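Chemist: My file is start.cif. It has mmCIF, C-alpha atoms:
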data_model
#
loop_
_atom_site.label_atom_id
_atom_site.label_comp_id
_atom_site.auth_asym_id
_atom_site.auth_seq_id
_atom_site.Cartn_x
_atom_site.Cartn_y
_atom_site.Cartn_z
CA MET A 136 0.00 0.00 0.00
CA ARG A 137 2.83 2.37 0.90
CA THR A 138 4.48 1.69 -2.48
CA VAL A 139 1.21 2.44 -4.30
CA ASP A 140 0.79 5.70 -2.37
CA SER A 141 4.38 6.67 -3.10
CA THR A 142 3.94 5.94 -6.82
CA ALA A 143 0.73 7.99 -6.94
CA ARG A 144 2.46 10.85 -5.16
CA ARG A 145 5.33 10.81 -7.63
CA ALA A 146 2.86 10.82 -10.54
CA VAL A 147 1.09 13.86 -9.11
CA ASN A 148 4.35 15.70 -8.40
CA LEU A 149 5.65 15.05 -11.91
CA ALA A 150 2.35 16.17 -13.46
CA VAL A 151 2.43 19.41 -11.44
CA LEU A 152 6.06 20.01 -12.43
CA VAL A 153 5.48 19.41 -16.15
CA ALA A 154 2.26 21.47 -16.21
CA ALA A 155 3.99 24.34 -14.37
CA LEU A 156 7.05 24.30 -16.64
CA GLY A 157 4.83 24.07 -19.72
CA TYR A 158 2.87 27.08 -18.52
CA PHE A 159 6.20 28.83 -17.77
CA VAL A 160 7.18 28.55 -21.43
CA ASP A 161 3.60 29.34 -22.51
CA ILE A 162 3.60 32.62 -20.56
CA TYR A 163 7.13 33.42 -21.70
CA ASP A 164 6.06 33.27 -25.34
CA LEU A 165 2.71 34.98 -24.80
CA ILE A 166 4.25 37.92 -22.97
CA LEU A 167 7.49 38.13 -24.95
CA PHE A 168 5.63 39.50 -27.97
CA SER A 169 4.22 42.37 -25.90
CA MET A 170 7.70 43.15 -24.61
CA VAL A 171 9.54 43.14 -27.94
CA ARG A 172 6.56 44.32 -30.03
CA THR A 173 7.73 47.86 -30.73
CA ARG A 174 11.39 47.22 -31.49
CA SER A 175 10.80 44.02 -33.45
CA VAL A 176 8.20 45.69 -35.67
CA ALA A 177 10.45 48.75 -36.11
CA ASP A 178 13.33 46.45 -37.05
CA LEU A 179 11.18 45.05 -39.88
CA GLY A 180 10.96 48.54 -41.36
CA VAL A 181 7.52 49.67 -40.14
CA PRO A 182 7.45 53.51 -39.82
CA GLN A 183 7.12 55.09 -36.38
CA GLU A 184 3.57 56.34 -36.94
CA ALA A 185 2.36 52.81 -37.79
CA LEU A 186 4.01 50.92 -34.92
CA ARG A 187 0.98 50.81 -32.60
CA ASP A 188 -1.50 49.76 -35.28
CA THR A 189 0.89 47.10 -36.61
CA GLY A 190 1.39 45.84 -33.06
CA ILE A 191 -2.37 45.54 -32.60
CA TYR A 192 -2.61 43.72 -35.94
CA LEU A 193 -0.02 41.15 -34.87
CA PHE A 194 -1.52 40.88 -31.38
CA ASN A 195 -4.89 40.07 -32.92
CA TRP A 196 -3.38 37.32 -35.09
CA GLN A 197 -1.84 35.75 -31.98
CA MET A 198 -5.09 35.99 -30.03
CA GLY A 199 -7.05 34.68 -33.00
CA GLY A 200 -4.77 31.64 -32.97
CA LEU A 201 -5.61 31.12 -29.31
CA LEU A 202 -9.32 31.03 -30.16
CA VAL A 203 -8.85 28.48 -32.96
CA GLY A 204 -6.39 26.43 -30.94
CA GLY A 205 -8.62 26.47 -27.88
CA ILE A 206 -11.36 24.60 -29.70
CA LEU A 207 -8.93 22.29 -31.54
CA TRP A 208 -6.94 21.22 -28.48
CA GLY A 209 -10.02 21.20 -26.24
CA VAL A 210 -11.77 18.62 -28.39
CA LEU A 211 -8.58 16.58 -28.76
CA GLY A 212 -8.02 16.68 -24.98
CA ASP A 213 -11.27 14.79 -24.40
CA LYS A 214 -10.96 12.53 -27.42
CA ARG A 215 -7.25 11.65 -27.39
CA GLY A 216 -6.21 12.41 -23.82
CA ARG A 217 -4.70 15.13 -21.69
CA LEU A 218 -1.07 14.13 -22.34
CA SER A 219 -1.34 14.23 -26.13
CA VAL A 220 -2.54 17.83 -25.95
CA LEU A 221 -0.05 18.84 -23.27
CA PHE A 222 2.97 17.82 -25.31
CA GLY A 223 1.49 18.43 -28.77
CA SER A 224 0.82 22.06 -27.93
CA ILE A 225 4.29 22.52 -26.42
CA THR A 226 5.85 21.16 -29.64
CA MET A 227 3.80 23.48 -31.85
CA TYR A 228 4.46 26.73 -30.02
CA SER A 229 8.15 25.87 -29.58
CA LEU A 230 8.64 25.41 -33.33
CA ALA A 231 6.60 28.57 -34.03
CA ASN A 232 8.85 30.53 -31.67
CA ILE A 233 11.96 29.37 -33.48
CA ALA A 234 10.38 30.29 -36.83
CA ASN A 235 9.41 33.69 -35.41
CA GLY A 236 13.06 34.48 -34.87
CA LEU A 237 13.66 34.04 -38.61
CA VAL A 238 10.93 36.30 -40.06
CA HIS A 239 11.70 39.30 -42.27
CA SER A 240 8.21 40.65 -42.99
CA VAL A 241 5.09 41.67 -41.10
CA ASP A 242 3.09 38.97 -42.90
CA GLY A 243 5.61 36.32 -41.85
CA TYR A 244 5.48 37.66 -38.30
CA ALA A 245 1.66 37.43 -38.34
CA ALA A 246 1.78 33.81 -39.58
CA CYS A 247 4.16 32.84 -36.78
CA ARG A 248 1.99 34.59 -34.18
CA LEU A 249 -1.06 32.72 -35.50
CA ILE A 250 0.66 29.31 -35.31
CA ALA A 251 2.18 30.12 -31.92
CA GLY A 252 -1.25 31.19 -30.68
CA ILE A 253 -2.77 27.89 -31.79
CA GLY A 254 0.00 26.02 -29.99
CA LEU A 255 -0.20 28.12 -26.84
CA ALA A 256 -3.93 27.41 -26.55
CA GLY A 257 -3.60 23.83 -25.35
CA GLU A 258 -0.94 23.55 -22.67
CA LEU A 259 -2.47 25.27 -19.64
CA GLY A 260 -5.94 23.72 -19.80
CA ALA A 261 -4.58 20.24 -20.47
CA GLY A 262 -2.07 20.55 -17.63
CA VAL A 263 -4.61 21.83 -15.11
CA THR A 264 -7.13 19.13 -16.14
CA LEU A 265 -4.49 16.44 -15.69
CA VAL A 266 -3.39 17.76 -12.28
CA SER A 267 -6.97 18.20 -11.04
CA GLU A 268 -7.96 14.67 -12.03
CA LEU A 269 -4.88 13.14 -10.40
CA MET A 270 -5.35 14.99 -7.09
CA GLY A 271 -8.07 14.70 -4.45
CA ARG A 272 -10.92 17.17 -4.16
CA HIS A 273 -9.51 18.82 -1.02
CA ASN A 274 -6.08 19.73 -2.41
CA ARG A 275 -6.49 20.00 -6.18
CA GLY A 276 -6.93 23.78 -5.86
CA LEU A 277 -3.44 23.99 -4.37
CA GLY A 278 -2.10 21.97 -7.30
CA THR A 279 -3.65 24.42 -9.75
CA ALA A 280 -2.30 27.36 -7.74
CA LEU A 281 1.21 25.90 -7.92
CA VAL A 282 0.91 25.38 -11.67
CA ALA A 283 -0.31 28.95 -12.18
CA GLY A 284 2.00 30.59 -9.64
CA LEU A 285 5.17 28.86 -10.83
CA GLY A 286 4.22 29.03 -14.49
CA ILE A 287 3.57 32.75 -14.42
CA LEU A 288 7.23 33.26 -13.49
CA GLY A 289 7.82 32.75 -17.22
CA GLY A 290 6.63 36.34 -17.58
CA LEU A 291 9.56 37.46 -15.42
CA LEU A 292 12.04 35.65 -17.65
CA ALA A 293 10.40 37.22 -20.69
CA GLY A 294 10.70 40.61 -19.01
CA TRP A 295 14.38 40.19 -18.23
CA ILE A 296 15.23 38.83 -21.69
CA GLY A 297 12.84 41.25 -23.41
CA GLY A 298 14.45 44.38 -21.95
CA ALA A 299 12.60 45.26 -18.74
CA PHE A 300 15.75 46.67 -17.14
CA GLY A 301 18.08 47.27 -20.05
CA PRO A 302 18.49 46.54 -23.73
CA GLY A 303 17.73 42.83 -23.30
CA LEU A 304 18.62 40.19 -25.84
CA PRO A 305 18.04 40.82 -29.55
CA TRP A 306 14.37 40.06 -30.21
CA ARG A 307 15.19 37.23 -32.59
CA VAL A 308 17.37 35.54 -29.98
CA ALA A 309 14.61 36.00 -27.39
CA TYR A 310 12.24 33.98 -29.59
CA PHE A 311 14.91 31.29 -30.09
CA VAL A 312 15.26 31.00 -26.30
CA GLY A 313 11.50 30.37 -25.97
CA GLY A 314 11.57 27.70 -28.65
CA GLY A 315 14.58 26.00 -27.08
CA LEU A 316 12.99 25.93 -23.64
CA GLY A 317 9.88 24.25 -25.05
CA ILE A 318 11.85 21.62 -26.97
CA ALA A 319 13.90 20.85 -23.84
CA LEU A 320 10.69 20.39 -21.83
CA LEU A 321 9.57 17.56 -24.12
CA VAL A 322 12.19 15.34 -22.47
CA LEU A 323 9.98 15.25 -19.35
CA ARG A 324 7.24 13.51 -21.31
CA ILE A 325 8.73 10.20 -20.16
CA GLY A 326 7.13 9.14 -16.91
CA VAL A 327 4.10 11.46 -16.94
CA ALA A 328 0.93 9.44 -16.28
CA GLU A 329 -2.38 9.93 -18.08
CA SER A 330 -5.43 10.73 -15.96
CA GLY A 331 -7.15 7.61 -14.64
CA MET A 332 -10.53 9.32 -14.94
CA PHE A 333 -9.91 9.89 -18.64
CA ARG A 334 -8.81 6.28 -19.22
CA VAL A 335 -11.96 4.96 -17.54
CA THR A 336 -14.16 7.33 -19.53
CA ALA A 337 -12.41 6.47 -22.81
CA ALA A 338 -13.12 2.80 -22.19
CA GLN A 339 -16.87 3.50 -22.07
CA LYS A 340 -17.66 3.72 -25.77
CA GLN A 341 -21.23 4.87 -25.16
CA ILE A 342 -19.98 8.11 -23.56
CA GLU A 343 -19.49 10.81 -26.18
CA ARG A 344 -16.30 12.78 -25.54
CA GLY A 345 -15.11 16.18 -26.70
CA ASN A 346 -18.28 17.27 -28.52
CA PHE A 347 -18.03 21.07 -28.41
CA PHE A 348 -21.64 21.39 -29.53
CA GLN A 349 -22.76 19.72 -26.31
CA LEU A 350 -21.76 22.99 -24.65
CA LEU A 351 -23.59 25.22 -27.11
CA LEU A 352 -26.84 23.33 -27.64
CA HIS A 353 -27.79 22.74 -24.00
CA ARG A 354 -29.10 25.83 -22.24
CA LYS A 355 -27.84 25.11 -18.73
CA ARG A 356 -24.44 23.92 -19.94
CA LEU A 357 -24.08 26.99 -22.12
CA GLY A 358 -24.96 29.18 -19.14
CA ARG A 359 -22.25 27.53 -17.00
CA TYR A 360 -19.76 27.88 -19.84
CA LEU A 361 -20.43 31.54 -20.60
CA ALA A 362 -20.42 32.44 -16.89
CA ILE A 363 -16.89 31.17 -16.26
CA ILE A 364 -15.58 32.78 -19.46
CA ALA A 365 -17.12 36.13 -18.49
CA ALA A 366 -15.61 35.93 -15.00
CA GLY A 367 -12.08 35.97 -16.45
CA VAL A 368 -12.46 38.86 -18.93
CA PRO A 369 -11.17 41.61 -16.55
CA ILE A 370 -7.84 39.77 -16.23
CA TRP A 371 -7.11 40.03 -19.94
CA TYR A 372 -8.33 43.60 -20.10
CA ALA A 373 -5.58 44.42 -17.61
CA VAL A 374 -2.93 42.41 -19.46
CA GLY A 375 -4.02 43.03 -23.05
CA ILE A 376 -4.75 46.75 -22.78
CA LEU A 377 -3.32 48.40 -19.66
CA LEU A 378 -0.01 46.54 -19.61
CA THR A 379 0.59 45.78 -23.29
CA PHE A 380 -0.01 49.43 -24.26
CA SER A 381 1.41 50.90 -21.06
CA ASN A 382 3.89 53.03 -23.02
CA ASP A 383 1.11 54.84 -24.89
CA LEU A 384 -1.23 55.05 -21.91
CA GLY A 385 1.51 56.11 -19.48
CA LYS A 386 2.54 58.90 -21.80
CA ALA A 387 -1.10 60.00 -22.13
CA LEU A 388 -1.33 60.06 -18.31
CA GLY A 389 1.59 62.49 -18.21
CA LEU A 390 4.64 60.30 -17.65
CA ASN A 391 7.85 61.46 -19.31
CA PRO A 392 9.67 59.33 -20.31
CA ALA A 393 6.89 56.93 -21.22
CA PRO A 394 6.83 53.60 -19.34
CA ASN A 395 8.57 50.61 -20.83
CA PRO A 396 5.96 47.86 -21.53
CA ALA A 397 8.57 45.21 -20.77
CA THR A 398 9.13 46.69 -17.31
CA ALA A 399 5.39 47.09 -16.68
CA LEU A 400 4.78 43.47 -17.65
CA PHE A 401 7.72 42.30 -15.55
CA PHE A 402 6.20 43.82 -12.42
CA ASP A 403 2.74 42.64 -13.43
CA TYR A 404 3.80 39.01 -13.80
CA GLY A 405 5.89 39.14 -10.65
CA GLY A 406 2.74 40.21 -8.85
CA ALA A 407 0.67 37.60 -10.69
CA ALA A 408 2.98 34.79 -9.52
CA ILE A 409 2.37 35.87 -5.93
CA GLY A 410 -1.33 36.43 -6.55
CA GLY A 411 -1.79 33.01 -8.14
CA VAL A 412 -0.57 31.27 -4.98
CA LEU A 413 -2.44 33.66 -2.66
CA SER A 414 -5.73 33.24 -4.51
CA GLY A 415 -5.39 29.46 -4.30
CA LEU A 416 -4.62 29.62 -0.58
CA LEU A 417 -7.55 31.99 -0.02
CA SER A 418 -9.85 29.63 -1.89
CA GLN A 419 -8.67 26.76 0.31
CA TYR A 420 -9.14 28.82 3.48
CA LEU A 421 -12.63 30.01 2.50
CA GLN A 422 -13.46 26.64 0.91
CA SER A 423 -14.94 28.63 -1.94
CA ARG A 424 -13.84 29.40 -5.48
CA ARG A 425 -16.45 32.12 -6.05
CA ARG A 426 -15.64 34.14 -2.93
CA ALA A 427 -11.91 34.05 -3.65
CA MET A 428 -12.49 35.25 -7.23
CA ALA A 429 -14.84 37.98 -6.02
CA ILE A 430 -12.32 39.32 -3.49
CA PHE A 431 -9.52 39.38 -6.05
CA GLY A 432 -11.82 40.84 -8.73
CA ILE A 433 -12.72 43.75 -6.44
CA GLY A 434 -9.05 44.27 -5.67
CA LEU A 435 -8.28 44.32 -9.40
CA ALA A 436 -10.97 46.95 -10.00
CA VAL A 437 -9.45 49.13 -7.27
CA MET A 438 -5.96 48.81 -8.78
CA VAL A 439 -7.24 49.61 -12.27
CA ALA A 440 -8.87 52.76 -10.88
CA ALA A 441 -5.53 53.66 -9.24
CA TYR A 442 -3.79 53.13 -12.60
CA PHE A 443 -5.82 55.98 -14.10
CA LEU A 444 -6.10 58.21 -11.04
CA VAL A 445 -2.54 58.23 -9.68
CA GLY A 446 -0.51 56.24 -12.21
CA GLY A 447 0.66 59.45 -13.86
CA MET A 448 2.32 60.77 -10.69
CA SER A 449 5.67 59.09 -11.33
CA SER A 450 7.23 56.06 -12.97
CA THR A 451 7.76 54.49 -9.53
CA VAL A 452 4.08 54.77 -8.68
CA PHE A 453 3.09 53.52 -12.12
CA TYR A 454 5.23 50.38 -11.93
CA ALA A 455 4.12 49.71 -8.34
CA ILE A 456 0.50 49.80 -9.51
CA CYS A 457 1.39 47.41 -12.35
CA GLY A 458 2.75 44.99 -9.76
CA LEU A 459 -0.43 45.25 -7.66
CA VAL A 460 -2.58 44.82 -10.77
CA GLY A 461 -0.65 41.60 -11.31
CA VAL A 462 -1.31 40.38 -7.75
CA PHE A 463 -5.06 40.70 -8.23
CA THR A 464 -5.06 39.14 -11.70
CA GLY A 465 -3.73 36.11 -9.80
CA TYR A 466 -7.29 34.86 -9.44
CA TRP A 467 -6.56 33.27 -12.83
CA ALA A 468 -5.45 30.24 -10.79
CA VAL A 469 -8.86 29.90 -9.11
CA PHE A 470 -10.55 30.65 -12.43
CA MET A 471 -8.74 27.67 -13.97
CA SER A 472 -9.71 25.41 -11.06
CA THR A 473 -13.35 26.42 -11.44
CA ALA A 474 -13.38 25.90 -15.22
CA THR A 475 -11.97 22.40 -14.69
CA GLU A 476 -14.48 21.51 -11.99
CA LEU A 477 -17.65 22.77 -13.70
CA PHE A 478 -18.00 19.95 -16.25
CA GLY A 479 -17.84 16.17 -16.44
CA THR A 480 -14.83 14.11 -17.50
CA ASN A 481 -16.04 13.71 -21.08
CA LEU A 482 -16.15 17.52 -21.60
CA ARG A 483 -13.67 18.68 -18.97
CA ALA A 484 -10.64 19.24 -21.21
CA THR A 485 -12.83 20.90 -23.83
CA VAL A 486 -13.94 23.47 -21.25
CA ALA A 487 -10.64 23.78 -19.39
CA ILE A 488 -8.80 24.49 -22.66
CA THR A 489 -11.36 26.59 -24.53
CA ALA A 490 -12.53 28.78 -21.61
CA PRO A 491 -9.15 30.42 -20.81
CA ASN A 492 -8.49 30.90 -24.51
CA PHE A 493 -11.82 32.58 -25.09
CA VAL A 494 -10.91 34.84 -22.16
CA ARG A 495 -7.53 35.55 -23.76
CA GLY A 496 -9.29 35.97 -27.11
CA SER A 497 -11.59 38.58 -25.59
CA ALA A 498 -8.53 40.81 -25.69
CA VAL A 499 -9.00 40.91 -29.50
CA LEU A 500 -12.42 42.54 -29.11
CA LEU A 501 -11.14 44.79 -26.34
CA ALA A 502 -8.15 45.86 -28.44
CA LEU A 503 -10.37 46.57 -31.44
CA GLY A 504 -12.72 48.62 -29.27
CA PHE A 505 -9.73 50.46 -27.81
CA GLN A 506 -8.42 51.16 -31.31
CA GLN A 507 -11.77 52.37 -32.66
CA LEU A 508 -12.60 54.57 -29.66
CA THR A 509 -9.19 56.25 -29.42
CA PRO A 510 -9.82 58.82 -32.22
CA VAL A 511 -13.16 59.68 -30.60
CA VAL A 512 -12.37 59.95 -26.87
CA GLY A 513 -8.57 59.72 -26.73
CA LEU A 514 -6.31 56.94 -25.45
CA VAL A 515 -7.25 57.25 -21.79
CA GLY A 516 -10.97 57.62 -22.50
CA ALA A 517 -10.92 54.59 -24.79
CA ALA A 518 -9.09 52.47 -22.20
CA LEU A 519 -11.59 53.53 -19.52
CA ALA A 520 -14.61 52.75 -21.70
CA VAL A 521 -13.28 49.33 -22.64
CA GLY A 522 -12.42 48.67 -18.99
CA MET A 523 -15.94 49.48 -17.80
CA PHE A 524 -17.29 47.01 -20.33
CA ALA A 525 -14.79 44.30 -19.28
CA PHE A 526 -15.57 44.64 -15.57
CA GLY A 527 -19.30 44.70 -16.24
CA VAL A 528 -19.02 41.41 -18.14
CA GLY A 529 -16.83 39.99 -15.37
CA ALA A 530 -19.29 40.92 -12.62
CA ILE A 531 -22.21 39.29 -14.46
CA GLY A 532 -20.15 36.13 -15.00
CA LEU A 533 -19.01 35.91 -11.39
CA MET A 534 -22.55 36.32 -10.07
CA SER A 535 -23.70 33.53 -12.40
CA VAL A 536 -20.95 30.95 -11.92
CA ARG A 537 -21.69 28.17 -9.44
CA GLU A 538 -19.53 27.05 -6.53
CA THR A 539 -17.33 24.03 -7.31
CA PHE A 540 -14.97 23.71 -4.33
CA HIS A 541 -16.41 20.44 -3.01
CA VAL A 542 -17.36 18.91 -6.37
CA ASP A 543 -16.34 15.30 -7.01
CA LEU A 544 -14.81 15.30 -10.51
CA ASP A 545 -15.73 11.68 -11.27
CA PHE A 546 -18.88 12.40 -13.30
CA HIS A 547 -19.98 12.64 -16.95
CA GLU A 548 -22.10 15.03 -18.97
CA VAL A 549 -24.67 12.74 -20.59
CA ASP A 550 -27.58 13.98 -22.69
CA ASP A 551 -29.39 16.51 -20.50
CA ALA A 552 -27.74 15.70 -17.19
CA ALA A 553 -24.49 15.64 -15.27
CA LEU A 554 -24.23 12.06 -14.01
CA PRO A 555 -21.83 10.30 -11.64
CA ALA A 556 -19.49 8.02 -13.59
CA SER A 557 -21.10 4.95 -12.00
CA ALA A 558 -24.55 6.04 -13.23
CA ALA A 559 -23.31 6.34 -16.81
CA THR A 560 -21.90 2.83 -17.04
#
Would you mind writing the structure in this file as structure tokens?

Modeler:
Amino acid sequence: MRTVDSTARRAVNLAVLVAALGYFVDIYDLILFSMVRTRSVADLGVPQEALRDTGIYLFNWQMGGLLVGGILWGVLGDKRGRLSVLFGSITMYSLANIANGLVHSVDGYAACRLIAGIGLAGELGAGVTLVSELMGRHNRGLGTALVAGLGILGGLLAGWIGGAFGPGLPWRVAYFVGGGLGIALLVLRIGVAESGMFRVTAAQKQIERGNFFQLLLHRKRLGRYLAIIAAGVPIWYAVGILLTFSNDLGKALGLNPAPNPATALFFDYGGAAIGGVLSGLLSQYLQSRRRAMAIFGIGLAVMVAAYFLVGGMSSTVFYAICGLVGVFTGYWAVFMSTATELFGTNLRATVAITAPNFVRGSAVLLALGFQQLTPVVGLVGAALAVGMFAFGVGAIGLMSVRETFHVDLDFHEVDDAALPASAAT
């Protein structure tokens, strides 16, 4: 018995390690573009006056890839298994990163961002699903918090390499580093165990797995799905607008010199690493996912207000606020736990992979709104308007999402009901 327990413990520890390191490289790549956006685009010959619009164009291609990849990997995660998605997605975004370091045109850059986005879509959801299904109901939230907290440190590496506190590495080399890290991670594939819940479900041929339309065509399921997606939108408003375009917004708030987006994102992701662990611990203490997300969501709203009200006082104040914004976006860890726990084993990976990517993809709509409103109400006014919309959507989602802290994950979504696995056999 002791040997069995020890083997199970090692399997869980290895799954947490691989999921965290995969997310580390995932975040590195996702954030690196924001950090090297301006100088990489300028290096390709784009004129100064077109840098922001070209950056938004490339950002939207990357986020569009996340939307496509979210559905692709989500379905595969329930049909083929969590491990196939975990390592397939790592392979794709690693190769796309290496290719990104070789581009010489904006169109080539956009293609690499699209492919990287598709690859980036799968790793986090697959990793969190695997960890959650391998761990017990009382500690799986801590496993997710560790994956999110440790993984988000990839943003710090991206900041350091991308030039948060100096010139940084050449942008092409920075992309090569990301690709190399991902390829190296594939070595850890040996020894990682597939989820037992998935194996049992896959053996039951009468249980349909990975049907995305099961989410859309059932009213209550669709409500659960949209609620958790909406709850995460404020996080990617903060990252996709306030931090990614912090140079333009900081300058509009009166800062001279303008903030460095790489530095802003470095502090943000440093805070997010702390916040990811804290939100998980708070959820465990309160024994509630919803209450932990609500507390962090309110804190994020307060920090966003501070960004506009006092962020223009000095660069020190601005970067401190960016760090605190990061702390409160740390409820991403609890968001991921909730997304994983809301649905049965036969749809769990589909939701856990698509939901965070639809949240990330919401940044496309937010960025387009920001871009369209800027000529009308100015940069700051546009960011405020988009932010009010994002937090409104988030509040509605959080009020609608159900509590999942004590849910037993061993159940299936069958026809019009969520059934225990034993009832579906």

Chemist: Using the chain letters and numbering of this document, enumerate as number ranges by chain the residues selected by the PyMOL selection byres ((chain A and resi 157-168) around 9).

Modeler: A: 152-156, 169-172, 175, 194, 197, 221-222, 225, 228-229, 232, 248, 251-252, 254-256, 258-259, 262, 282-283, 285-294, 296-297, 306, 309-310, 313-314, 316-317, 320, 379, 397, 400

Chemist: Out of A:Gly243, A:Gly199, A:Gly190, A:Pro491, which residue has the shortest atom-to-atom distance to A:Val176 when counting only C-alpha atoms?

Modeler: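 Closest to A:Val176 of all the choices is A:Gly190.
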
Chemist: Run the PyMOL selection byres ((chain A and resi 198) around 8) against the file shown and list the residues it catches, as number ranges by chain.

Modeler: A: 194-197, 199-202, 249, 252, 495-496, 498-499

Chemist: Between A:Ile456, A:Val368, A:Ala261, A:Ile318, which is the closest to A:Leu533 once you count all atoms listed in the file?

Modeler: A:Val368

Chemist: Please return the centre and edge lengths, in Å to one decimal, of a box with edges along x, y and z that contains all listed atoms of stretch 179-186 of chain A, widened by 6 Å on every side, as lines of an AutoDock Vina configuration file.

Modeler:
center_x = 6.8
center_y = 50.7
center_z = -38.1
size_x = 20.8
size_y = 23.3
size_z = 18.4

Chemist: By how many Å are atom CA of A:Thr464 and atom CA of A:Thr264 apart?

Modeler: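 Going from atom CA of A:Thr464 over to atom CA of A:Thr264 covers 20.6 Å.
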
Chemist: Counting only C-alpha atoms, select every polymer residue within 8 Å of (-14.2, 30.4, -12.6) as defined in the file's coordinates, and provide the selection as a list in words.

Modeler: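 These residues have at least one counted atom within 8 Å: Ala362, Ile363, Ile364, Ala366, Gly367, Arg424, Arg425, Met428, Val469, Phe470, Met471, Ser472, Thr473, Ala474, Leu533 and Val536 of chain A.
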
Chemist: Can you list, as a count of residues only, the residues that the PyMOL selection byres ((chain A and resi 241) around 10) selects here?

Modeler: 18

Chemist: Given all atoms listed in the file as the basis, pick out the residue of A:Leu444, A:Ala502, A:Ile370, A:Thr475 nearest to A:Val460.

Modeler: A:Ile370

Chemist: Produce stretch 527-547 of chain A of the given structure as output with C-alpha atoms, as a PDB file, in the first residue's frame.

Modeler:
ATOM      1  CA  GLY A 527     -19.304  44.701 -16.245  1.00  0.00           C
ATOM      2  CA  VAL A 528     -19.023  41.408 -18.137  1.00  0.00           C
ATOM      3  CA  GLY A 529     -16.833  39.990 -15.374  1.00  0.00           C
ATOM      4  CA  ALA A 530     -19.290  40.923 -12.624  1.00  0.00           C
ATOM      5  CA  ILE A 531     -22.207  39.287 -14.456  1.00  0.00           C
ATOM      6  CA  GLY A 532     -20.150  36.135 -15.000  1.00  0.00           C
ATOM      7  CA  LEU A 533     -19.012  35.909 -11.390  1.00  0.00           C
ATOM      8  CA  MET A 534     -22.547  36.319 -10.071  1.00  0.00           C
ATOM      9  CA  SER A 535     -23.703  33.532 -12.399  1.00  0.00           C
ATOM     10  CA  VAL A 536     -20.952  30.947 -11.922  1.00  0.00           C
ATOM     11  CA  ARG A 537     -21.688  28.175  -9.437  1.00  0.00           C
ATOM     12  CA  GLU A 538     -19.528  27.055  -6.527  1.00  0.00           C
ATOM     13  CA  THR A 539     -17.327  24.035  -7.308  1.00  0.00           C
ATOM     14  CA  PHE A 540     -14.967  23.713  -4.325  1.00  0.00           C
ATOM     15  CA  HIS A 541     -16.415  20.438  -3.014  1.00  0.00           C
ATOM     16  CA  VAL A 542     -17.364  18.907  -6.371  1.00  0.00           C
ATOM     17  CA  ASP A 543     -16.344  15.295  -7.015  1.00  0.00           C
ATOM     18  CA  LEU A 544     -14.808  15.299 -10.514  1.00  0.00           C
ATOM     19  CA  ASP A 545     -15.734  11.680 -11.271  1.00  0.00           C
ATOM     20  CA  PHE A 546     -18.876  12.400 -13.300  1.00  0.00           C
ATOM     21  CA  HIS A 547     -19.978  12.639 -16.947  1.00  0.00           C
TER      22      HIS A 547
END
